[in-house]
file final_12.csv (CSV, C-alpha atoms)
chain,number,residue,atom,x,y,z
A,489,MET,CA,-22.4,-39.0,-19.4
A,490,ARG,CA,-18.7,-39.9,-18.7
A,491,ASN,CA,-16.5,-41.2,-21.5
A,492,ASP,CA,-15.0,-44.6,-21.1
A,493,SER,CA,-11.2,-44.0,-21.3
A,494,ARG,CA,-9.9,-47.5,-20.9
A,495,LEU,CA,-8.7,-47.7,-24.4
A,496,SER,CA,-6.7,-44.5,-24.4
A,497,ARG,CA,-5.4,-45.1,-20.8
A,498,MET,CA,-4.2,-48.6,-21.7
A,499,LEU,CA,-2.6,-47.4,-24.9
A,500,HIS,CA,-0.8,-44.8,-22.8
A,501,VAL,CA,0.5,-47.6,-20.5
A,502,LEU,CA,1.5,-49.9,-23.3
A,503,LEU,CA,3.6,-47.2,-25.0
A,504,HIS,CA,5.4,-46.4,-21.7
A,505,MET,CA,5.9,-50.1,-21.1
A,506,ALA,CA,7.4,-50.6,-24.6
A,507,ARG,CA,9.9,-47.8,-23.9
A,508,HIS,CA,10.7,-48.9,-20.3
A,509,ASP,CA,13.5,-51.3,-19.5
A,510,GLY,CA,12.0,-54.2,-17.4
A,511,PRO,CA,8.6,-54.7,-15.9
A,512,MET,CA,6.4,-52.0,-14.5
A,513,THR,CA,4.6,-52.6,-11.2
A,514,SER,CA,0.8,-52.1,-10.9
A,515,GLU,CA,1.6,-49.3,-8.3
A,516,THR,CA,3.9,-47.5,-10.8
A,517,ILE,CA,1.2,-47.7,-13.5
A,518,ALA,CA,-1.5,-46.6,-11.0
A,519,ARG,CA,0.5,-43.5,-10.1
A,520,MET,CA,1.0,-42.7,-13.7
A,521,LEU,CA,-2.8,-42.9,-14.4
A,522,GLY,CA,-3.9,-41.4,-11.1
A,523,THR,CA,-5.8,-44.5,-10.1
A,524,ASN,CA,-5.7,-47.5,-7.8
A,525,ALA,CA,-3.3,-50.5,-8.4
A,526,VAL,CA,-6.3,-52.9,-8.1
A,527,VAL,CA,-8.0,-51.1,-11.0
A,528,VAL,CA,-4.7,-51.5,-13.0
A,529,ARG,CA,-4.4,-55.2,-12.3
A,530,ARG,CA,-8.1,-55.8,-13.2
A,531,THR,CA,-7.7,-53.9,-16.5
A,532,MET,CA,-4.3,-55.4,-17.3
A,533,ALA,CA,-5.6,-58.9,-16.8
A,534,GLY,CA,-7.6,-58.6,-20.1
A,535,LEU,CA,-4.4,-57.6,-21.9
A,536,ARG,CA,-2.6,-60.6,-20.3
A,537,ASP,CA,-5.3,-63.0,-21.2
A,538,ALA,CA,-5.1,-61.8,-24.8
A,539,GLY,CA,-1.3,-62.4,-24.7
A,540,TYR,CA,-0.3,-58.7,-25.1
A,541,VAL,CA,1.4,-58.4,-21.7
A,542,ARG,CA,2.7,-60.8,-19.1
A,543,SER,CA,2.9,-60.4,-15.4
A,544,GLU,CA,5.7,-61.5,-13.1
A,545,LYS,CA,5.3,-61.9,-9.4
A,546,GLY,CA,7.7,-61.1,-6.7
A,547,HIS,CA,10.6,-58.7,-6.2
A,548,GLY,CA,11.5,-57.2,-9.6
A,549,GLY,CA,8.2,-58.3,-11.0
A,550,GLY,CA,5.4,-56.4,-12.7
A,551,TRP,CA,3.9,-56.0,-16.1
A,552,ALA,CA,5.9,-56.3,-19.4
A,553,ILE,CA,5.0,-56.3,-23.1
A,554,ALA,CA,4.7,-59.9,-24.4
A,555,ALA,CA,3.6,-59.3,-28.0
A,556,ASP,CA,5.0,-57.9,-31.2
A,557,LEU,CA,3.7,-54.3,-31.3
A,558,GLU,CA,3.3,-54.6,-35.1
A,559,MET,CA,0.8,-57.4,-34.6
A,560,VAL,CA,-1.5,-55.6,-32.1
A,561,SER,CA,-4.0,-53.1,-33.2
A,562,LEU,CA,-5.9,-50.5,-31.3
A,563,LEU,CA,-9.0,-52.6,-31.9
A,564,ASP,CA,-7.3,-55.6,-30.3
A,565,VAL,CA,-6.5,-53.5,-27.2
A,566,HIS,CA,-10.1,-52.2,-27.1
A,567,ARG,CA,-11.5,-55.7,-27.1
A,568,ALA,CA,-8.9,-57.0,-24.6
A,569,VAL,CA,-9.7,-54.3,-22.0
A,570,GLY,CA,-13.4,-55.1,-22.2
A,571,GLY,CA,-14.2,-51.8,-23.9
A,572,PRO,CA,-17.8,-50.8,-24.1
A,573,ARG,CA,-19.9,-50.9,-27.2
A,574,ILE,CA,-18.5,-48.6,-29.8
A,575,PHE,CA,-21.6,-46.3,-29.6
A,576,ALA,CA,-24.1,-45.7,-26.7
A,577,ILE,CA,-26.6,-44.4,-29.2
A,578,GLY,CA,-29.5,-46.8,-29.9
A,579,SER,CA,-33.0,-47.2,-31.3
A,580,GLU,CA,-36.3,-47.1,-29.5
A,581,HIS,CA,-38.3,-50.3,-29.6
A,582,SER,CA,-41.2,-49.6,-27.3
A,583,ASN,CA,-43.8,-49.6,-30.0
A,584,PRO,CA,-42.8,-52.0,-32.8
A,585,HIS,CA,-46.0,-51.5,-34.7
A,586,CYS,CA,-45.5,-47.7,-35.0
A,587,ALA,CA,-44.6,-46.7,-38.6
A,588,VAL,CA,-42.7,-43.6,-37.4
A,589,GLU,CA,-40.6,-45.7,-35.0
A,590,LYS,CA,-39.8,-48.1,-37.8
A,591,VAL,CA,-38.6,-45.3,-40.2
A,592,VAL,CA,-36.6,-43.6,-37.4
A,593,ASN,CA,-35.0,-46.9,-36.2
A,594,ALA,CA,-34.0,-47.9,-39.8
A,595,ALA,CA,-32.3,-44.5,-40.4
A,596,VAL,CA,-30.5,-44.5,-37.0
A,597,GLU,CA,-29.5,-48.1,-37.2
A,598,ASP,CA,-28.1,-47.7,-40.8
A,599,ALA,CA,-26.1,-44.7,-39.8
A,600,LEU,CA,-24.7,-46.5,-36.7
A,601,ARG,CA,-23.8,-49.6,-38.7
A,602,ASP,CA,-21.9,-47.5,-41.2
A,603,ALA,CA,-20.1,-45.4,-38.4
A,604,LYS,CA,-19.2,-48.5,-36.5
A,605,ALA,CA,-17.8,-50.2,-39.5
A,606,LEU,CA,-15.6,-47.2,-40.3
A,607,LEU,CA,-14.4,-46.9,-36.7
A,608,VAL,CA,-13.7,-50.6,-36.3
A,609,ALA,CA,-11.7,-50.5,-39.6
A,610,ARG,CA,-9.7,-47.5,-38.5
A,611,LEU,CA,-8.9,-48.9,-35.1
A,612,GLY,CA,-8.0,-52.2,-36.7
A,613,ALA,CA,-5.6,-50.5,-39.1
A,614,VAL,CA,-3.4,-48.8,-36.5
A,615,SER,CA,-0.8,-50.9,-34.7
A,616,LEU,CA,0.8,-50.3,-31.4
A,617,ALA,CA,4.1,-50.1,-33.3
A,618,GLU,CA,2.8,-47.1,-35.3
A,619,LEU,CA,1.9,-45.3,-32.0
A,620,ALA,CA,5.3,-46.2,-30.5
A,621,ARG,CA,7.1,-44.8,-33.5
A,622,GLY,CA,5.0,-41.6,-33.2
A,623,PHE,CA,5.8,-41.4,-29.5
A,624,GLU,CA,9.5,-41.8,-30.2
A,625,VAL,CA,9.4,-39.0,-32.7
A,626,ARG,CA,7.7,-36.7,-30.2
A,627,CYS,CA,10.2,-37.6,-27.5
A,628,SER,CA,13.1,-36.9,-29.9
A,629,GLN,CA,11.6,-33.5,-30.8
A,630,ALA,CA,11.2,-32.6,-27.1
A,631,ASP,CA,14.8,-33.6,-26.4
A,632,GLU,CA,16.0,-31.4,-29.3
A,633,ARG,CA,14.0,-28.4,-28.0
A,634,ARG,CA,15.6,-28.9,-24.5
A,635,ALA,CA,19.2,-29.1,-26.0
call {"tool": "encode", "arguments": {"input": "final_12.csv", "output": "structure tokens"}}
result
Amino acid sequence: MRNDSRLSRMLHVLLHMARHDGPMTSETIARMLGTNAVVVRRTMAGLRDAGYVRSEKGHGGGWAIAADLEMVSLLDVHRAVGGPRIFAIGSEHSNPHCAVEKVVNAAVEDALRDAKALLVARLGAVSLAELARGFEVRCSQADERRA
């Protein structure tokens, strides 16, 4: 089964946008991600609707950051891009009168509830600004190695 990479891909885009002077076109973003500009526009629309980016039409237009990066969490971005359920694992409910199924489902559902709460809390605790600062540090280190 293929992983859904919308969150990591859009975080990648947002960090480049935050460091870029001026708007970035859908075509530029598509080349960066190795995808189609239509896919970029469709995915970025969720970020625009949430107020995290804005789009400008015409010559010199494109996508630009519209929100304070300190105020946007990874969880916010996940939700804005229409990310999938946190986990694809689920319970079987084909025979609701089966005692074994009830015991198994209870154990699986408890574990998933705990894991989801932890992941949601962690994604909610990391801001785009934190990622941007980490990105800047890595870029500075790479510049120092080249010098």
call {"tool": "closest_residue", "arguments": {"input": "final_12.csv", "among": "A:Leu606, A:Val591, A:Met512, A:Leu502", "to": "Ser543 (chain A)", "atoms": "all atoms listed in the file"}}
result
A:Met512
call {"tool": "atom_distance", "arguments": {"input": "final_12.csv", "atom1": "CA of Lys604 (chain A)", "atom2": "CA of Ser561 (chain A)"}}
result
16.2 Å
call {"tool": "closest_residue", "arguments": {"input": "final_12.csv", "among": "A:Gly550, A:Gly578, A:Pro584, A:Gly510", "to": "Ala525 (chain A)", "atoms": "all atoms listed in the file"}}
result
A:Gly550
call {"tool": "closest_residue", "arguments": {"input": "final_12.csv", "among": "A:Gln629, A:Thr531, A:Ser496, A:Asn524", "to": "Trp551 (chain A)", "atoms": "all atoms listed in the file"}}
result
A:Thr531
call {"tool": "atom_distance", "arguments": {"input": "final_12.csv", "atom1": "CA of Ser579 (chain A)", "atom2": "CA of Leu562 (chain A)"}}
result
27.3 Å
call {"tool": "atom_distance", "arguments": {"input": "final_12.csv", "atom1": "CA of Asp492 (chain A)", "atom2": "CA of Arg542 (chain A)"}}
result
24.1 Å
call {"tool": "closest_residue", "arguments": {"input": "final_12.csv", "among": "A:Val501, A:Ala552, A:Val588, A:Val569", "to": "Arg530 (chain A)", "atoms": "only C-alpha atoms"}}
result
A:Val569
call {"tool": "residues_near_point", "arguments": {"input": "final_12.csv", "point": "(0.0, -46.2, -9.2)", "cutoff": "12 Å", "atoms": "all atoms listed in the file", "output": "ChimeraX atom specification"}}
result
/A:501,512-529
call {"tool": "write_last_selection", "arguments": {"input": "final_12.csv", "atoms": "C-alpha atoms", "output": "mmCIF file, in the coordinates of the input"}}
result
data_model
loop_
_atom_site.group_PDB
_atom_site.id
_atom_site.type_symbol
_atom_site.label_atom_id
_atom_site.label_comp_id
_atom_site.auth_asym_id
_atom_site.auth_seq_id
_atom_site.Cartn_x
_atom_site.Cartn_y
_atom_site.Cartn_z
ATOM 1 C CA VAL A 501 0.500 -47.600 -20.500
ATOM 2 C CA MET A 512 6.400 -52.000 -14.500
ATOM 3 C CA THR A 513 4.600 -52.600 -11.200
ATOM 4 C CA SER A 514 0.800 -52.100 -10.900
ATOM 5 C CA GLU A 515 1.600 -49.300 -8.300
ATOM 6 C CA THR A 516 3.900 -47.500 -10.800
ATOM 7 C CA ILE A 517 1.200 -47.700 -13.500
ATOM 8 C CA ALA A 518 -1.500 -46.600 -11.000
ATOM 9 C CA ARG A 519 0.500 -43.500 -10.100
ATOM 10 C CA MET A 520 1.000 -42.700 -13.700
ATOM 11 C CA LEU A 521 -2.800 -42.900 -14.400
ATOM 12 C CA GLY A 522 -3.900 -41.400 -11.100
ATOM 13 C CA THR A 523 -5.800 -44.500 -10.100
ATOM 14 C CA ASN A 524 -5.700 -47.500 -7.800
ATOM 15 C CA ALA A 525 -3.300 -50.500 -8.400
ATOM 16 C CA VAL A 526 -6.300 -52.900 -8.100
ATOM 17 C CA VAL A 527 -8.000 -51.100 -11.000
ATOM 18 C CA VAL A 528 -4.700 -51.500 -13.000
ATOM 19 C CA ARG A 529 -4.400 -55.200 -12.300
#
call {"tool": "residues_around", "arguments": {"input": "final_12.csv", "residues": "Leu503 (chain A)", "least_positions_apart": "4", "cutoff": "9 Å", "atoms": "all atoms listed in the file", "output": "list of chain:residue names"}}
result
A:Met498, A:Leu499, A:Arg507, A:His508, A:Leu616, A:Ala617, A:Leu619, A:Ala620, A:Phe623
call {"tool": "write_last_selection", "arguments": {"input": "final_12.csv", "atoms": "C-alpha atoms", "output": "PDB file, in the frame of the given file"}}
result
ATOM      1  CA  MET A 498      -4.200 -48.600 -21.700  1.00  0.00           C
ATOM      2  CA  LEU A 499      -2.600 -47.400 -24.900  1.00  0.00           C
ATOM      3  CA  ARG A 507       9.900 -47.800 -23.900  1.00  0.00           C
ATOM      4  CA  HIS A 508      10.700 -48.900 -20.300  1.00  0.00           C
ATOM      5  CA  LEU A 616       0.800 -50.300 -31.400  1.00  0.00           C
ATOM      6  CA  ALA A 617       4.100 -50.100 -33.300  1.00  0.00           C
ATOM      7  CA  LEU A 619       1.900 -45.300 -32.000  1.00  0.00           C
ATOM      8  CA  ALA A 620       5.300 -46.200 -30.500  1.00  0.00           C
ATOM      9  CA  PHE A 623       5.800 -41.400 -29.500  1.00  0.00           C
TER      10      PHE A 623
END
call {"tool": "decode", "arguments": {"input": "final_12.csv", "residues": "region 496-618 of chain A", "atoms": "C-alpha atoms", "output": "short mmCIF file (atom, residue, chain, number, x, y, z; two decimals), in the first residue's frame"}}
result
data_model
loop_
_atom_site.label_atom_id
_atom_site.label_comp_id
_atom_site.auth_asym_id
_atom_site.auth_seq_id
_atom_site.Cartn_x
_atom_site.Cartn_y
_atom_site.Cartn_z
CA SER A 496 5.37 16.06 3.85
CA ARG A 497 5.15 17.38 0.28
CA MET A 498 3.16 20.46 1.27
CA LEU A 499 5.44 21.13 4.24
CA HIS A 500 8.33 21.00 1.76
CA VAL A 501 6.58 23.52 -0.46
CA LEU A 502 5.63 25.83 2.39
CA LEU A 503 9.20 25.97 3.68
CA HIS A 504 10.53 26.85 0.23
CA MET A 505 7.80 29.46 -0.16
CA ALA A 506 8.70 31.02 3.20
CA ARG A 507 12.30 31.41 2.05
CA HIS A 508 11.44 32.56 -1.49
CA ASP A 509 11.04 36.22 -2.43
CA GLY A 510 7.69 36.64 -4.16
CA PRO A 511 5.04 34.17 -5.26
CA MET A 512 5.82 30.72 -6.68
CA THR A 513 3.85 29.48 -9.66
CA SER A 514 2.06 26.15 -9.69
CA GLU A 515 4.39 25.11 -12.49
CA THR A 516 7.50 25.87 -10.42
CA ILE A 517 6.10 23.95 -7.46
CA ALA A 518 5.11 21.06 -9.72
CA ARG A 519 8.65 20.80 -11.11
CA MET A 520 10.04 20.82 -7.57
CA LEU A 521 7.70 17.97 -6.56
CA GLY A 522 7.87 16.05 -9.84
CA THR A 523 4.13 16.28 -10.39
CA ASN A 524 1.53 18.13 -12.45
CA ALA A 525 0.57 21.80 -11.88
CA VAL A 526 -3.11 20.79 -11.69
CA VAL A 527 -2.32 18.51 -8.73
CA VAL A 528 -0.45 21.39 -7.08
CA ARG A 529 -3.38 23.79 -7.55
CA ARG A 530 -5.85 21.24 -6.18
CA THR A 531 -3.75 20.59 -3.09
CA MET A 532 -2.82 24.24 -2.51
CA ALA A 533 -6.50 25.18 -2.65
CA GLY A 534 -7.00 23.56 0.75
CA LEU A 535 -4.15 25.62 2.18
CA ARG A 536 -5.65 28.76 0.61
CA ASP A 537 -9.10 27.99 2.00
CA ALA A 538 -7.55 27.63 5.46
CA GLY A 539 -5.81 31.01 5.07
CA TYR A 540 -2.24 29.68 5.10
CA VAL A 541 -1.41 30.73 1.52
CA ARG A 542 -2.85 33.12 -1.02
CA SER A 543 -2.92 32.89 -4.78
CA GLU A 544 -2.37 35.74 -7.19
CA LYS A 545 -3.40 35.47 -10.81
CA GLY A 546 -1.70 36.90 -13.85
CA HIS A 547 1.86 37.85 -14.72
CA GLY A 548 4.03 37.70 -11.62
CA GLY A 549 1.33 35.78 -9.77
CA GLY A 550 1.44 32.48 -8.00
CA TRP A 551 1.29 31.15 -4.45
CA ALA A 552 2.61 32.98 -1.38
CA ILE A 553 2.55 32.46 2.37
CA ALA A 554 -0.39 34.31 3.96
CA ALA A 555 -0.13 33.23 7.59
CA ASP A 556 2.23 33.68 10.50
CA LEU A 557 4.32 30.49 10.49
CA GLU A 558 4.34 30.51 14.31
CA MET A 559 0.57 30.07 14.27
CA VAL A 560 0.36 27.12 11.83
CA SER A 561 1.05 23.60 13.07
CA LEU A 562 1.83 20.45 11.14
CA LEU A 563 -1.61 19.21 12.18
CA ASP A 564 -3.20 22.33 10.67
CA VAL A 565 -1.46 21.63 7.36
CA HIS A 566 -2.47 17.94 7.48
CA ARG A 567 -6.11 18.94 7.91
CA ALA A 568 -5.95 21.68 5.26
CA VAL A 569 -4.61 19.39 2.55
CA GLY A 570 -7.33 16.85 3.22
CA GLY A 571 -4.93 14.34 4.68
CA PRO A 572 -6.21 10.83 5.18
CA ARG A 573 -7.21 9.30 8.46
CA ILE A 574 -4.22 9.15 10.75
CA PHE A 575 -4.20 5.33 10.60
CA ALA A 576 -5.51 2.90 8.02
CA ILE A 577 -5.63 0.08 10.58
CA GLY A 578 -9.12 -0.74 11.78
CA SER A 579 -11.32 -3.31 13.47
CA GLU A 580 -13.42 -6.08 12.02
CA HIS A 581 -17.17 -5.79 12.61
CA SER A 582 -18.51 -8.64 10.50
CA ASN A 583 -19.81 -10.65 13.45
CA PRO A 584 -20.77 -8.28 16.29
CA HIS A 585 -21.98 -11.15 18.50
CA CYS A 586 -18.61 -12.96 18.47
CA ALA A 587 -16.86 -12.73 21.84
CA VAL A 588 -13.40 -13.06 20.24
CA GLU A 589 -14.14 -10.21 17.83
CA LYS A 590 -15.30 -8.01 20.72
CA VAL A 591 -12.10 -8.64 22.71
CA VAL A 592 -9.85 -8.13 19.68
CA ASN A 593 -11.68 -4.96 18.59
CA ALA A 594 -11.49 -3.47 22.08
CA ALA A 595 -7.72 -4.03 22.25
CA VAL A 596 -7.07 -2.70 18.73
CA GLU A 597 -9.35 0.31 19.15
CA ASP A 598 -7.78 1.24 22.51
CA ALA A 599 -4.27 1.07 21.03
CA LEU A 600 -5.29 3.11 17.97
CA ARG A 601 -7.04 5.74 20.11
CA ASP A 602 -3.90 6.16 22.24
CA ALA A 603 -1.59 6.26 19.22
CA LYS A 604 -3.80 8.76 17.39
CA ALA A 605 -3.94 11.05 20.44
CA LEU A 606 -0.15 11.00 20.70
CA LEU A 607 0.40 11.68 16.99
CA VAL A 608 -2.20 14.46 16.86
CA ALA A 609 -0.64 16.09 19.94
CA ARG A 610 2.86 15.92 18.44
CA LEU A 611 1.79 17.25 15.04
CA GLY A 612 -0.14 20.02 16.79
CA ALA A 613 2.88 20.98 18.87
CA VAL A 614 5.23 21.67 15.95
CA SER A 615 4.84 24.95 14.07
CA LEU A 616 5.90 25.75 10.55
CA ALA A 617 8.19 28.37 12.08
CA GLU A 618 10.07 25.63 13.95
#
